[in-house]
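For reference, data26.pdb is printed below; it contains PDB, N, CA and C atoms.
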ATOM      1  N   MET W   1       5.429 -14.117  -2.532
ATOM      2  CA  MET W   1       4.663 -13.021  -3.086
ATOM      3  C   MET W   1       3.404 -12.828  -2.254
ATOM      4  N   VAL W   2       3.048 -11.570  -2.071
ATOM      5  CA  VAL W   2       1.814 -11.210  -1.387
ATOM      6  C   VAL W   2       0.929 -10.477  -2.387
ATOM      7  N   ILE W   3      -0.323 -10.883  -2.463
ATOM      8  CA  ILE W   3      -1.302 -10.212  -3.319
ATOM      9  C   ILE W   3      -2.487  -9.847  -2.449
ATOM     10  N   ALA W   4      -2.903  -8.583  -2.521
ATOM     11  CA  ALA W   4      -4.042  -8.124  -1.719
ATOM     12  C   ALA W   4      -5.044  -7.390  -2.594
ATOM     13  N   ASP W   5      -6.308  -7.708  -2.401
ATOM     14  CA  ASP W   5      -7.401  -6.975  -3.039
ATOM     15  C   ASP W   5      -7.829  -5.879  -2.072
ATOM     16  N   VAL W   6      -7.871  -4.643  -2.553
ATOM     17  CA  VAL W   6      -8.209  -3.504  -1.704
ATOM     18  C   VAL W   6      -9.473  -2.833  -2.236
ATOM     19  N   SER W   7     -10.462  -2.697  -1.368
ATOM     20  CA  SER W   7     -11.711  -2.002  -1.691
ATOM     21  C   SER W   7     -11.756  -0.727  -0.873
ATOM     22  N   PRO W   8     -11.384   0.402  -1.473
ATOM     23  CA  PRO W   8     -11.237   1.628  -0.706
ATOM     24  C   PRO W   8     -12.529   2.311  -0.257
ATOM     25  N   GLY W   9     -13.661   1.949  -0.796
ATOM     26  CA  GLY W   9     -14.900   2.553  -0.301
ATOM     27  C   GLY W   9     -15.643   3.361  -1.327
ATOM     28  N   PRO W  10     -16.078   4.578  -0.957
ATOM     29  CA  PRO W  10     -16.980   5.370  -1.793
ATOM     30  C   PRO W  10     -16.466   5.680  -3.208
ATOM     31  N   CYS W  11     -15.150   5.771  -3.387
ATOM     32  CA  CYS W  11     -14.632   6.084  -4.723
ATOM     33  C   CYS W  11     -14.822   4.910  -5.682
ATOM     34  N   ARG W  12     -14.979   3.716  -5.146
ATOM     35  CA  ARG W  12     -15.199   2.487  -5.913
ATOM     36  C   ARG W  12     -14.017   2.075  -6.787
ATOM     37  N   PHE W  13     -12.852   2.696  -6.615
ATOM     38  CA  PHE W  13     -11.661   2.333  -7.378
ATOM     39  C   PHE W  13     -10.907   1.232  -6.639
ATOM     40  N   LYS W  14     -11.263  -0.008  -6.930
ATOM     41  CA  LYS W  14     -10.599  -1.132  -6.293
ATOM     42  C   LYS W  14      -9.163  -1.232  -6.800
ATOM     43  N   ALA W  15      -8.332  -1.903  -6.034
ATOM     44  CA  ALA W  15      -6.936  -2.070  -6.416
ATOM     45  C   ALA W  15      -6.462  -3.470  -6.044
ATOM     46  N   VAL W  16      -5.484  -3.937  -6.797
ATOM     47  CA  VAL W  16      -4.778  -5.166  -6.467
ATOM     48  C   VAL W  16      -3.327  -4.771  -6.267
ATOM     49  N   ILE W  17      -2.813  -5.115  -5.102
ATOM     50  CA  ILE W  17      -1.422  -4.795  -4.768
ATOM     51  C   ILE W  17      -0.642  -6.102  -4.726
ATOM     52  N   GLU W  18       0.468  -6.119  -5.461
ATOM     53  CA  GLU W  18       1.353  -7.283  -5.468
ATOM     54  C   GLU W  18       2.728  -6.846  -4.980
ATOM     55  N   VAL W  19       3.256  -7.563  -4.013
ATOM     56  CA  VAL W  19       4.599  -7.276  -3.512
ATOM     57  C   VAL W  19       5.375  -8.583  -3.491
ATOM     58  N   SER W  20       6.565  -8.557  -4.064
ATOM     59  CA  SER W  20       7.427  -9.735  -4.031
ATOM     60  C   SER W  20       8.850  -9.308  -3.687
ATOM     61  N   MET W  21       9.475 -10.072  -2.817
ATOM     62  CA  MET W  21      10.854  -9.787  -2.421
ATOM     63  C   MET W  21      11.788 -10.119  -3.580
ATOM     64  N   ILE W  22      12.735  -9.216  -3.830
ATOM     65  CA  ILE W  22      13.752  -9.425  -4.852
ATOM     66  C   ILE W  22      14.970 -10.080  -4.207
ATOM     67  N   ASN W  23      15.326  -9.589  -3.046
ATOM     68  CA  ASN W  23      16.396 -10.147  -2.228
ATOM     69  C   ASN W  23      16.039  -9.866  -0.776
ATOM     70  N   HIS W  24      16.948  -9.999   0.138
ATOM     71  CA  HIS W  24      16.622  -9.830   1.560
ATOM     72  C   HIS W  24      16.290  -8.390   1.936
ATOM     73  N   ARG W  25      16.542  -7.436   1.025
ATOM     74  CA  ARG W  25      16.340  -6.030   1.359
ATOM     75  C   ARG W  25      15.386  -5.283   0.425
ATOM     76  N   GLU W  26      15.236  -5.758  -0.798
ATOM     77  CA  GLU W  26      14.436  -5.040  -1.785
ATOM     78  C   GLU W  26      13.186  -5.815  -2.171
ATOM     79  N   ALA W  27      12.131  -5.059  -2.470
ATOM     80  CA  ALA W  27      10.864  -5.654  -2.899
ATOM     81  C   ALA W  27      10.360  -4.941  -4.141
ATOM     82  N   ASN W  28       9.604  -5.669  -4.940
ATOM     83  CA  ASN W  28       8.974  -5.096  -6.115
ATOM     84  C   ASN W  28       7.499  -4.874  -5.797
ATOM     85  N   VAL W  29       7.016  -3.660  -6.044
ATOM     86  CA  VAL W  29       5.628  -3.303  -5.754
ATOM     87  C   VAL W  29       4.902  -3.019  -7.062
ATOM     88  N   LYS W  30       3.756  -3.698  -7.274
ATOM     89  CA  LYS W  30       2.910  -3.463  -8.443
ATOM     90  C   LYS W  30       1.510  -3.141  -7.968
ATOM     91  N   ILE W  31       0.884  -2.160  -8.617
ATOM     92  CA  ILE W  31      -0.494  -1.796  -8.281
ATOM     93  C   ILE W  31      -1.318  -1.809  -9.555
ATOM     94  N   LYS W  32      -2.401  -2.573  -9.522
ATOM     95  CA  LYS W  32      -3.360  -2.579 -10.624
ATOM     96  C   LYS W  32      -4.630  -1.926 -10.093
ATOM     97  N   SER W  33      -5.101  -0.896 -10.784
ATOM     98  CA  SER W  33      -6.289  -0.181 -10.320
ATOM     99  C   SER W  33      -6.855   0.667 -11.451
ATOM    100  N   SER W  34      -8.133   0.950 -11.372
ATOM    101  CA  SER W  34      -8.734   1.895 -12.313
ATOM    102  C   SER W  34      -8.540   3.331 -11.825
ATOM    103  N   CYS W  35      -7.947   3.497 -10.645
ATOM    104  CA  CYS W  35      -7.656   4.832 -10.111
ATOM    105  C   CYS W  35      -6.312   5.314 -10.662
ATOM    106  N   LYS W  36      -6.340   6.441 -11.340
ATOM    107  CA  LYS W  36      -5.105   6.960 -11.934
ATOM    108  C   LYS W  36      -4.077   7.340 -10.876
ATOM    109  N   HIS W  37      -4.528   7.742  -9.707
ATOM    110  CA  HIS W  37      -3.614   8.139  -8.639
ATOM    111  C   HIS W  37      -2.888   6.913  -8.063
ATOM    112  N   ALA W  38      -3.632   5.839  -7.839
ATOM    113  CA  ALA W  38      -3.027   4.604  -7.321
ATOM    114  C   ALA W  38      -2.042   4.033  -8.337
ATOM    115  N   LYS W  39      -2.419   4.061  -9.620
ATOM    116  CA  LYS W  39      -1.506   3.575 -10.660
ATOM    117  C   LYS W  39      -0.245   4.419 -10.705
ATOM    118  N   SER W  40      -0.398   5.706 -10.567
ATOM    119  CA  SER W  40       0.755   6.603 -10.560
ATOM    120  C   SER W  40       1.684   6.288  -9.392
ATOM    121  N   LEU W  41       1.117   6.043  -8.222
ATOM    122  CA  LEU W  41       1.919   5.690  -7.055
ATOM    123  C   LEU W  41       2.678   4.391  -7.304
ATOM    124  N   GLY W  42       2.018   3.417  -7.893
ATOM    125  CA  GLY W  42       2.679   2.157  -8.220
ATOM    126  C   GLY W  42       3.848   2.361  -9.169
ATOM    127  N   GLY W  43       3.675   3.254 -10.137
ATOM    128  CA  GLY W  43       4.755   3.558 -11.065
ATOM    129  C   GLY W  43       5.948   4.209 -10.388
ATOM    130  N   LEU W  44       5.682   5.029  -9.390
ATOM    131  CA  LEU W  44       6.763   5.684  -8.653
ATOM    132  C   LEU W  44       7.488   4.714  -7.726
ATOM    133  N   LEU W  45       6.777   3.731  -7.215
ATOM    134  CA  LEU W  45       7.384   2.806  -6.266
ATOM    135  C   LEU W  45       8.258   1.766  -6.962
ATOM    136  N   GLY W  46       7.664   0.887  -7.739
ATOM    137  CA  GLY W  46       8.449  -0.138  -8.407
ATOM    138  C   GLY W  46       9.301  -0.929  -7.439
ATOM    139  N   LYS W  47      10.626  -0.856  -7.591
ATOM    140  CA  LYS W  47      11.548  -1.550  -6.695
ATOM    141  C   LYS W  47      11.851  -0.640  -5.504
ATOM    142  N   VAL W  48      11.614  -1.153  -4.296
ATOM    143  CA  VAL W  48      11.813  -0.336  -3.097
ATOM    144  C   VAL W  48      12.747  -1.031  -2.116
ATOM    145  N   ASP W  49      13.427  -0.238  -1.309
ATOM    146  CA  ASP W  49      14.205  -0.728  -0.181
ATOM    147  C   ASP W  49      13.220  -0.871   0.983
ATOM    148  N   VAL W  50      13.069  -2.068   1.483
ATOM    149  CA  VAL W  50      12.092  -2.326   2.546
ATOM    150  C   VAL W  50      12.338  -1.421   3.752
ATOM    151  N   ASN W  51      13.576  -1.169   4.090
ATOM    152  CA  ASN W  51      13.884  -0.324   5.249
ATOM    153  C   ASN W  51      13.359   1.092   5.090
ATOM    154  N   GLU W  52      13.225   1.572   3.852
ATOM    155  CA  GLU W  52      12.677   2.910   3.614
ATOM    156  C   GLU W  52      11.158   2.935   3.726
ATOM    157  N   CYS W  53      10.556   1.760   3.841
ATOM    158  CA  CYS W  53       9.093   1.660   3.882
ATOM    159  C   CYS W  53       8.562   1.269   5.246
ATOM    160  N   ILE W  54       9.437   1.079   6.212
ATOM    161  CA  ILE W  54       8.964   0.669   7.539
ATOM    162  C   ILE W  54       9.298   1.695   8.609
ATOM    163  N   GLY W  55       9.812   2.839   8.201
ATOM    164  CA  GLY W  55      10.143   3.884   9.167
ATOM    165  C   GLY W  55       8.911   4.659   9.591
ATOM    166  N   GLY W  56       9.151   5.713  10.343
ATOM    167  CA  GLY W  56       8.069   6.568  10.814
ATOM    168  C   GLY W  56       7.452   7.381   9.680
ATOM    169  N   TYR W  57       6.519   8.205  10.017
ATOM    170  CA  TYR W  57       5.789   9.000   9.025
ATOM    171  C   TYR W  57       6.703   9.898   8.205
ATOM    172  N   GLU W  58       7.672  10.514   8.826
ATOM    173  CA  GLU W  58       8.553  11.465   8.139
ATOM    174  C   GLU W  58       9.515  10.791   7.175
ATOM    175  N   ASP W  59       9.931   9.559   7.492
ATOM    176  CA  ASP W  59      10.968   8.889   6.718
ATOM    177  C   ASP W  59      10.442   7.783   5.816
ATOM    178  N   ASN W  60       9.159   7.586   5.751
ATOM    179  CA  ASN W  60       8.579   6.462   5.035
ATOM    180  C   ASN W  60       8.397   6.795   3.556
ATOM    181  N   LEU W  61       9.060   6.034   2.684
ATOM    182  CA  LEU W  61       9.019   6.288   1.246
ATOM    183  C   LEU W  61       7.598   6.270   0.682
ATOM    184  N   VAL W  62       6.817   5.273   1.054
ATOM    185  CA  VAL W  62       5.445   5.148   0.533
ATOM    186  C   VAL W  62       4.613   6.366   0.929
ATOM    187  N   LEU W  63       4.708   6.782   2.175
ATOM    188  CA  LEU W  63       3.927   7.926   2.637
ATOM    189  C   LEU W  63       4.409   9.236   2.012
ATOM    190  N   LYS W  64       5.713   9.373   1.836
ATOM    191  CA  LYS W  64       6.255  10.580   1.187
ATOM    192  C   LYS W  64       5.722  10.712  -0.235
ATOM    193  N   LEU W  65       5.791   9.619  -0.998
ATOM    194  CA  LEU W  65       5.318   9.661  -2.384
ATOM    195  C   LEU W  65       3.806   9.830  -2.450
ATOM    196  N   SER W  66       3.090   9.186  -1.545
ATOM    197  CA  SER W  66       1.626   9.273  -1.523
ATOM    198  C   SER W  66       1.151  10.701  -1.309
ATOM    199  N   LYS W  67       1.877  11.417  -0.494
ATOM    200  CA  LYS W  67       1.519  12.802  -0.171
ATOM    201  C   LYS W  67       1.422  13.661  -1.427
ATOM    202  N   ASN W  68       2.237  13.341  -2.435
ATOM    203  CA  ASN W  68       2.264  14.125  -3.661
ATOM    204  C   ASN W  68       1.407  13.556  -4.784
ATOM    205  N   VAL W  69       0.914  12.323  -4.611
ATOM    206  CA  VAL W  69       0.193  11.653  -5.693
ATOM    207  C   VAL W  69      -1.273  11.374  -5.362
ATOM    208  N   ILE W  70      -1.539  10.960  -4.134
ATOM    209  CA  ILE W  70      -2.903  10.592  -3.723
ATOM    210  C   ILE W  70      -3.597  11.830  -3.167
ATOM    211  N   PRO W  71      -4.685  12.278  -3.805
ATOM    212  CA  PRO W  71      -5.314  13.532  -3.380
ATOM    213  C   PRO W  71      -6.103  13.457  -2.069
ATOM    214  N   HIS W  72      -6.506  12.267  -1.661
ATOM    215  CA  HIS W  72      -7.316  12.141  -0.449
ATOM    216  C   HIS W  72      -6.473  11.557   0.677
ATOM    217  N   SER W  73      -6.333  12.289   1.762
ATOM    218  CA  SER W  73      -5.486  11.843   2.870
ATOM    219  C   SER W  73      -6.020  10.596   3.567
ATOM    220  N   SER W  74      -7.295  10.296   3.403
ATOM    221  CA  SER W  74      -7.848   9.108   4.057
ATOM    222  C   SER W  74      -7.863   7.879   3.139
ATOM    223  N   CYS W  75      -7.271   7.964   1.963
ATOM    224  CA  CYS W  75      -7.190   6.810   1.057
ATOM    225  C   CYS W  75      -6.405   5.690   1.740
ATOM    226  N   ILE W  76      -6.940   4.481   1.683
ATOM    227  CA  ILE W  76      -6.290   3.369   2.367
ATOM    228  C   ILE W  76      -5.240   2.660   1.508
ATOM    229  N   ILE W  77      -5.104   3.028   0.269
ATOM    230  CA  ILE W  77      -4.137   2.374  -0.614
ATOM    231  C   ILE W  77      -2.711   2.453  -0.057
ATOM    232  N   PRO W  78      -2.215   3.622   0.365
ATOM    233  CA  PRO W  78      -0.847   3.662   0.896
ATOM    234  C   PRO W  78      -0.623   2.728   2.095
ATOM    235  N   VAL W  79      -1.577   2.670   2.998
ATOM    236  CA  VAL W  79      -1.438   1.787   4.160
ATOM    237  C   VAL W  79      -1.492   0.322   3.722
ATOM    238  N   ALA W  80      -2.321   0.016   2.747
ATOM    239  CA  ALA W  80      -2.388  -1.351   2.234
ATOM    240  C   ALA W  80      -1.052  -1.755   1.598
ATOM    241  N   ILE W  81      -0.418  -0.838   0.892
ATOM    242  CA  ILE W  81       0.903  -1.102   0.315
ATOM    243  C   ILE W  81       1.901  -1.405   1.424
ATOM    244  N   LEU W  82       1.902  -0.583   2.454
ATOM    245  CA  LEU W  82       2.825  -0.793   3.571
ATOM    246  C   LEU W  82       2.602  -2.145   4.242
ATOM    247  N   LYS W  83       1.349  -2.494   4.453
ATOM    248  CA  LYS W  83       1.024  -3.777   5.078
ATOM    249  C   LYS W  83       1.525  -4.927   4.214
ATOM    250  N   CYS W  84       1.347  -4.830   2.898
ATOM    251  CA  CYS W  84       1.808  -5.880   1.987
ATOM    252  C   CYS W  84       3.331  -6.004   2.018
ATOM    253  N   ILE W  85       4.026  -4.884   2.051
ATOM    254  CA  ILE W  85       5.491  -4.910   2.137
ATOM    255  C   ILE W  85       5.934  -5.579   3.433
ATOM    256  N   GLU W  86       5.313  -5.200   4.535
ATOM    257  CA  GLU W  86       5.665  -5.793   5.824
ATOM    258  C   GLU W  86       5.434  -7.305   5.840
ATOM    259  N   VAL W  87       4.298  -7.736   5.303
ATOM    260  CA  VAL W  87       3.983  -9.166   5.281
ATOM    261  C   VAL W  87       4.986  -9.909   4.399
ATOM    262  N   GLU W  88       5.254  -9.409   3.223
ATOM    263  CA  GLU W  88       6.174 -10.079   2.305
ATOM    264  C   GLU W  88       7.590 -10.138   2.874
ATOM    265  N   ALA W  89       7.973  -9.121   3.627
ATOM    266  CA  ALA W  89       9.312  -9.089   4.234
ATOM    267  C   ALA W  89       9.393  -9.900   5.532
ATOM    268  N   GLY W  90       8.266 -10.465   5.957
ATOM    269  CA  GLY W  90       8.257 -11.260   7.183
ATOM    270  C   GLY W  90       8.208 -10.424   8.447
ATOM    271  N   LEU W  91       7.761  -9.175   8.323
ATOM    272  CA  LEU W  91       7.722  -8.259   9.466
ATOM    273  C   LEU W  91       6.328  -8.105  10.071
ATOM    274  N   ALA W  92       5.333  -8.710   9.445
ATOM    275  CA  ALA W  92       3.960  -8.634   9.955
ATOM    276  C   ALA W  92       3.233  -9.926   9.589
ATOM    277  N   LEU W  93       2.196 -10.223  10.328
ATOM    278  CA  LEU W  93       1.380 -11.395  10.041
ATOM    279  C   LEU W  93       0.462 -11.126   8.863
ATOM    280  N   LYS W  94       0.180 -12.163   8.109
ATOM    281  CA  LYS W  94      -0.703 -12.059   6.947
ATOM    282  C   LYS W  94      -2.148 -12.246   7.420
ATOM    283  N   GLU W  95      -2.703 -11.155   7.960
ATOM    284  CA  GLU W  95      -4.077 -11.174   8.441
ATOM    285  C   GLU W  95      -4.833 -10.012   7.814
ATOM    286  N   ASN W  96      -6.098 -10.226   7.520
ATOM    287  CA  ASN W  96      -6.926  -9.171   6.943
ATOM    288  C   ASN W  96      -7.135  -8.051   7.951
ATOM    289  N   ILE W  97      -7.235  -6.854   7.430
ATOM    290  CA  ILE W  97      -7.545  -5.692   8.260
ATOM    291  C   ILE W  97      -8.816  -5.062   7.706
ATOM    292  N   ALA W  98      -9.544  -4.337   8.543
ATOM    293  CA  ALA W  98     -10.816  -3.767   8.088
ATOM    294  C   ALA W  98     -11.209  -2.549   8.913
ATOM    295  N   ILE W  99     -11.985  -1.704   8.282
ATOM    296  CA  ILE W  99     -12.674  -0.617   8.976
ATOM    297  C   ILE W  99     -14.153  -0.904   8.771
ATOM    298  N   VAL W 100     -14.869  -1.115   9.845
ATOM    299  CA  VAL W 100     -16.295  -1.440   9.742
ATOM    300  C   VAL W 100     -17.067  -0.400  10.529
ATOM    301  N   PHE W 101     -17.895   0.344   9.844
ATOM    302  CA  PHE W 101     -18.696   1.366  10.503
ATOM    303  C   PHE W 101     -19.929   0.747  11.146
ATOM    304  N   ARG W 102     -20.183   1.140  12.371
ATOM    305  CA  ARG W 102     -21.354   0.667  13.089
ATOM    306  C   ARG W 102     -22.519   1.622  12.847
ATOM    307  N   PRO W 103     -23.735   1.078  12.844
ATOM    308  CA  PRO W 103     -24.894   1.979  12.716
ATOM    309  C   PRO W 103     -25.027   2.849  13.964
ATOM    310  N   CYS W 104     -25.375   4.073  13.770
ATOM    311  CA  CYS W 104     -25.579   5.009  14.887
ATOM    312  C   CYS W 104     -27.068   5.278  15.068
ATOM    313  N   HIS W 105     -27.453   5.460  16.312
ATOM    314  CA  HIS W 105     -28.870   5.708  16.609
ATOM    315  C   HIS W 105     -29.088   7.154  16.954
TER     316      HIS W 105
END
Show the structure stored in the file as structure tokens.
Amino acid sequence: MVIADVSPGPCRFKAVIEVSMINHREANVKIKSSCKHAKSLGGLLGKVDVNECIGGYEDNLVLKLSKNVIPHSSCIIPVAILKCIEVEAGLALKENIAIVFRPCH
């Protein structure tokens, strides 16, 4: 099982993403958040075929569903879900990712 705490930024709607493999091909995705959009996405995902979540932009299940549920295109929740699926499926390393803004002069 992979569990990730996600802090999306200015909206302040933190999320916890849990992904666990059901078998060699399917994973269960759970999202806990005070954001109604993230919760809605979690409800739509549930049990997913990992192969449908690792394709390109056009064929990716998470991105397709996010397009209709998440109102902000820069929300990091969909990418965090994808990263968790990849890590749980053994397709990516379990390393933290970050966006850190530098001060400008």
Between W:Cys35, W:Ile97, W:Ile17, W:Val50, single out the one closest to Ile81 of chain W, counting all atoms listed in the file.
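Among W:Cys35, W:Ile97, W:Ile17, W:Val50, it is W:Ile17 that comes nearest to Ile81 of chain W.
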Which of chain W fall in strand (DSSP E), as a tab-separated table (two decimals) with N, CA and C atoms, in the frame of the given file:
chain	number	residue	atom	x	y	z
W	2	VAL	N	3.05	-11.57	-2.07
W	2	VAL	CA	1.81	-11.21	-1.39
W	2	VAL	C	0.93	-10.48	-2.39
W	3	ILE	N	-0.32	-10.88	-2.46
W	3	ILE	CA	-1.30	-10.21	-3.32
W	3	ILE	C	-2.49	-9.85	-2.45
W	4	ALA	N	-2.90	-8.58	-2.52
W	4	ALA	CA	-4.04	-8.12	-1.72
W	4	ALA	C	-5.04	-7.39	-2.59
W	5	ASP	N	-6.31	-7.71	-2.40
W	5	ASP	CA	-7.40	-6.98	-3.04
W	5	ASP	C	-7.83	-5.88	-2.07
W	6	VAL	N	-7.87	-4.64	-2.55
W	6	VAL	CA	-8.21	-3.50	-1.70
W	6	VAL	C	-9.47	-2.83	-2.24
W	15	ALA	N	-8.33	-1.90	-6.03
W	15	ALA	CA	-6.94	-2.07	-6.42
W	15	ALA	C	-6.46	-3.47	-6.04
W	16	VAL	N	-5.48	-3.94	-6.80
W	16	VAL	CA	-4.78	-5.17	-6.47
W	16	VAL	C	-3.33	-4.77	-6.27
W	17	ILE	N	-2.81	-5.12	-5.10
W	17	ILE	CA	-1.42	-4.80	-4.77
W	17	ILE	C	-0.64	-6.10	-4.73
W	18	GLU	N	0.47	-6.12	-5.46
W	18	GLU	CA	1.35	-7.28	-5.47
W	18	GLU	C	2.73	-6.85	-4.98
W	19	VAL	N	3.26	-7.56	-4.01
W	19	VAL	CA	4.60	-7.28	-3.51
W	19	VAL	C	5.38	-8.58	-3.49
W	20	SER	N	6.56	-8.56	-4.06
W	20	SER	CA	7.43	-9.74	-4.03
W	20	SER	C	8.85	-9.31	-3.69
W	21	MET	N	9.48	-10.07	-2.82
W	21	MET	CA	10.85	-9.79	-2.42
W	21	MET	C	11.79	-10.12	-3.58
W	26	GLU	N	15.24	-5.76	-0.80
W	26	GLU	CA	14.44	-5.04	-1.78
W	26	GLU	C	13.19	-5.82	-2.17
W	27	ALA	N	12.13	-5.06	-2.47
W	27	ALA	CA	10.86	-5.65	-2.90
W	27	ALA	C	10.36	-4.94	-4.14
W	28	ASN	N	9.60	-5.67	-4.94
W	28	ASN	CA	8.97	-5.10	-6.12
W	28	ASN	C	7.50	-4.87	-5.80
W	29	VAL	N	7.02	-3.66	-6.04
W	29	VAL	CA	5.63	-3.30	-5.75
W	29	VAL	C	4.90	-3.02	-7.06
W	30	LYS	N	3.76	-3.70	-7.27
W	30	LYS	CA	2.91	-3.46	-8.44
W	30	LYS	C	1.51	-3.14	-7.97
W	31	ILE	N	0.88	-2.16	-8.62
W	31	ILE	CA	-0.49	-1.80	-8.28
W	31	ILE	C	-1.32	-1.81	-9.56
W	32	LYS	N	-2.40	-2.57	-9.52
W	32	LYS	CA	-3.36	-2.58	-10.62
W	32	LYS	C	-4.63	-1.93	-10.09
W	33	SER	N	-5.10	-0.90	-10.78
W	33	SER	CA	-6.29	-0.18	-10.32
W	33	SER	C	-6.86	0.67	-11.45
W	47	LYS	N	10.63	-0.86	-7.59
W	47	LYS	CA	11.55	-1.55	-6.70
W	47	LYS	C	11.85	-0.64	-5.50
W	48	VAL	N	11.61	-1.15	-4.30
W	48	VAL	CA	11.81	-0.34	-3.10
W	48	VAL	C	12.75	-1.03	-2.12
W	49	ASP	N	13.43	-0.24	-1.31
W	49	ASP	CA	14.20	-0.73	-0.18
W	49	ASP	C	13.22	-0.87	0.98
Run the PyMOL selection byres ((chain W and resi 48) around 8) against the file shown and list the residues it catches, as a list in words.
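Applying the PyMOL selection byres ((chain W and resi 48) around 8) to the structure shown produces Arg25, Glu26, Ala27, Asn28, Val29, Leu44, Leu45, Gly46, Lys47, Asp49, Val50, Asn51, Glu52 and Cys53 of chain W.
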Residue among W:Ile99, W:Leu82, W:Ile76, W:Cys104 lying closest to Val62 of chain W, counting only C-alpha atoms:
W:Leu82
Show me, as number ranges by chain, the residues that have an atom within 8 Å of Arg12 of chain W when counting all atoms listed in the file, minus same-chain residues fewer than 3 positions from it.
W: 7-9, 15, 34-35
Would you mind exporting N, CA and C atoms of the selected residues as a compact mmCIF listing (two decimals), keeping the file's coordinate frame?
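Now in result30.txt:
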# COMPACT_ATOMS: atom_id res chain seq x y z
N SER W 7 -10.46 -2.70 -1.37
CA SER W 7 -11.71 -2.00 -1.69
C SER W 7 -11.76 -0.73 -0.87
N PRO W 8 -11.38 0.40 -1.47
CA PRO W 8 -11.24 1.63 -0.71
C PRO W 8 -12.53 2.31 -0.26
N GLY W 9 -13.66 1.95 -0.80
CA GLY W 9 -14.90 2.55 -0.30
C GLY W 9 -15.64 3.36 -1.33
N ALA W 15 -8.33 -1.90 -6.03
CA ALA W 15 -6.94 -2.07 -6.42
C ALA W 15 -6.46 -3.47 -6.04
N SER W 34 -8.13 0.95 -11.37
CA SER W 34 -8.73 1.90 -12.31
C SER W 34 -8.54 3.33 -11.82
N CYS W 35 -7.95 3.50 -10.64
CA CYS W 35 -7.66 4.83 -10.11
C CYS W 35 -6.31 5.31 -10.66
Can you measure atom C of Val69 of chain W to atom CA of His37 of chain W for me? One decimal in Å is fine.
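Value for the atom C of Val69 of chain W-atom CA of His37 of chain W distance: 5.2 Å.
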Could you state which residues are captured by the PyMOL selection byres (((chain W and resi 89 and name CA) around 9) and name CA) in this file, as a count of residues only?
15
Would you mind reading off the distance between atom CA of Leu41 of chain W and atom C of Pro78 of chain W, one decimal, in Å?
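Spanning atom CA of Leu41 of chain W to atom C of Pro78 of chain W is a straight-line distance of 9.9 Å.
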Residues of chain W in helix (DSSP H, G or I) according to DSSP, as a PyMOL selection string?
chain W and resi 36-45+50-53+61-69+77-88
Between atom CA of Arg102 of chain W and atom CA of Val16 of chain W, measure the distance and give it in Å to one decimal.
26.3 Å
Proximity to Ala4 of chain W - best of W:Val19, W:Val79, W:Val100, W:Leu93, all atoms listed in the file
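Of the candidates, the smallest distance to Ala4 of chain W is held by W:Val19.
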Which residues, written as a tab-separated table (two decimals) with N, CA and C atoms, in the frame of the given file, have at least one atom at most 8 Å from Ile70 of chain W, with all atoms listed in the file counted and residues fewer than 5 positions away on the same chain left out?
chain	number	residue	atom	x	y	z
W	36	LYS	N	-6.34	6.44	-11.34
W	36	LYS	CA	-5.11	6.96	-11.93
W	36	LYS	C	-4.08	7.34	-10.88
W	37	HIS	N	-4.53	7.74	-9.71
W	37	HIS	CA	-3.61	8.14	-8.64
W	37	HIS	C	-2.89	6.91	-8.06
W	38	ALA	N	-3.63	5.84	-7.84
W	38	ALA	CA	-3.03	4.60	-7.32
W	38	ALA	C	-2.04	4.03	-8.34
W	40	SER	N	-0.40	5.71	-10.57
W	40	SER	CA	0.76	6.60	-10.56
W	40	SER	C	1.68	6.29	-9.39
W	41	LEU	N	1.12	6.04	-8.22
W	41	LEU	CA	1.92	5.69	-7.06
W	41	LEU	C	2.68	4.39	-7.30
W	65	LEU	N	5.79	9.62	-1.00
W	65	LEU	CA	5.32	9.66	-2.38
W	65	LEU	C	3.81	9.83	-2.45
W	75	CYS	N	-7.27	7.96	1.96
W	75	CYS	CA	-7.19	6.81	1.06
W	75	CYS	C	-6.40	5.69	1.74
My list of candidates is W:Ala98, W:Val2, W:Ile22, W:Ala80. Which is closest to Ser66 of chain W when distances are computed with only C-alpha atoms?
W:Ala80
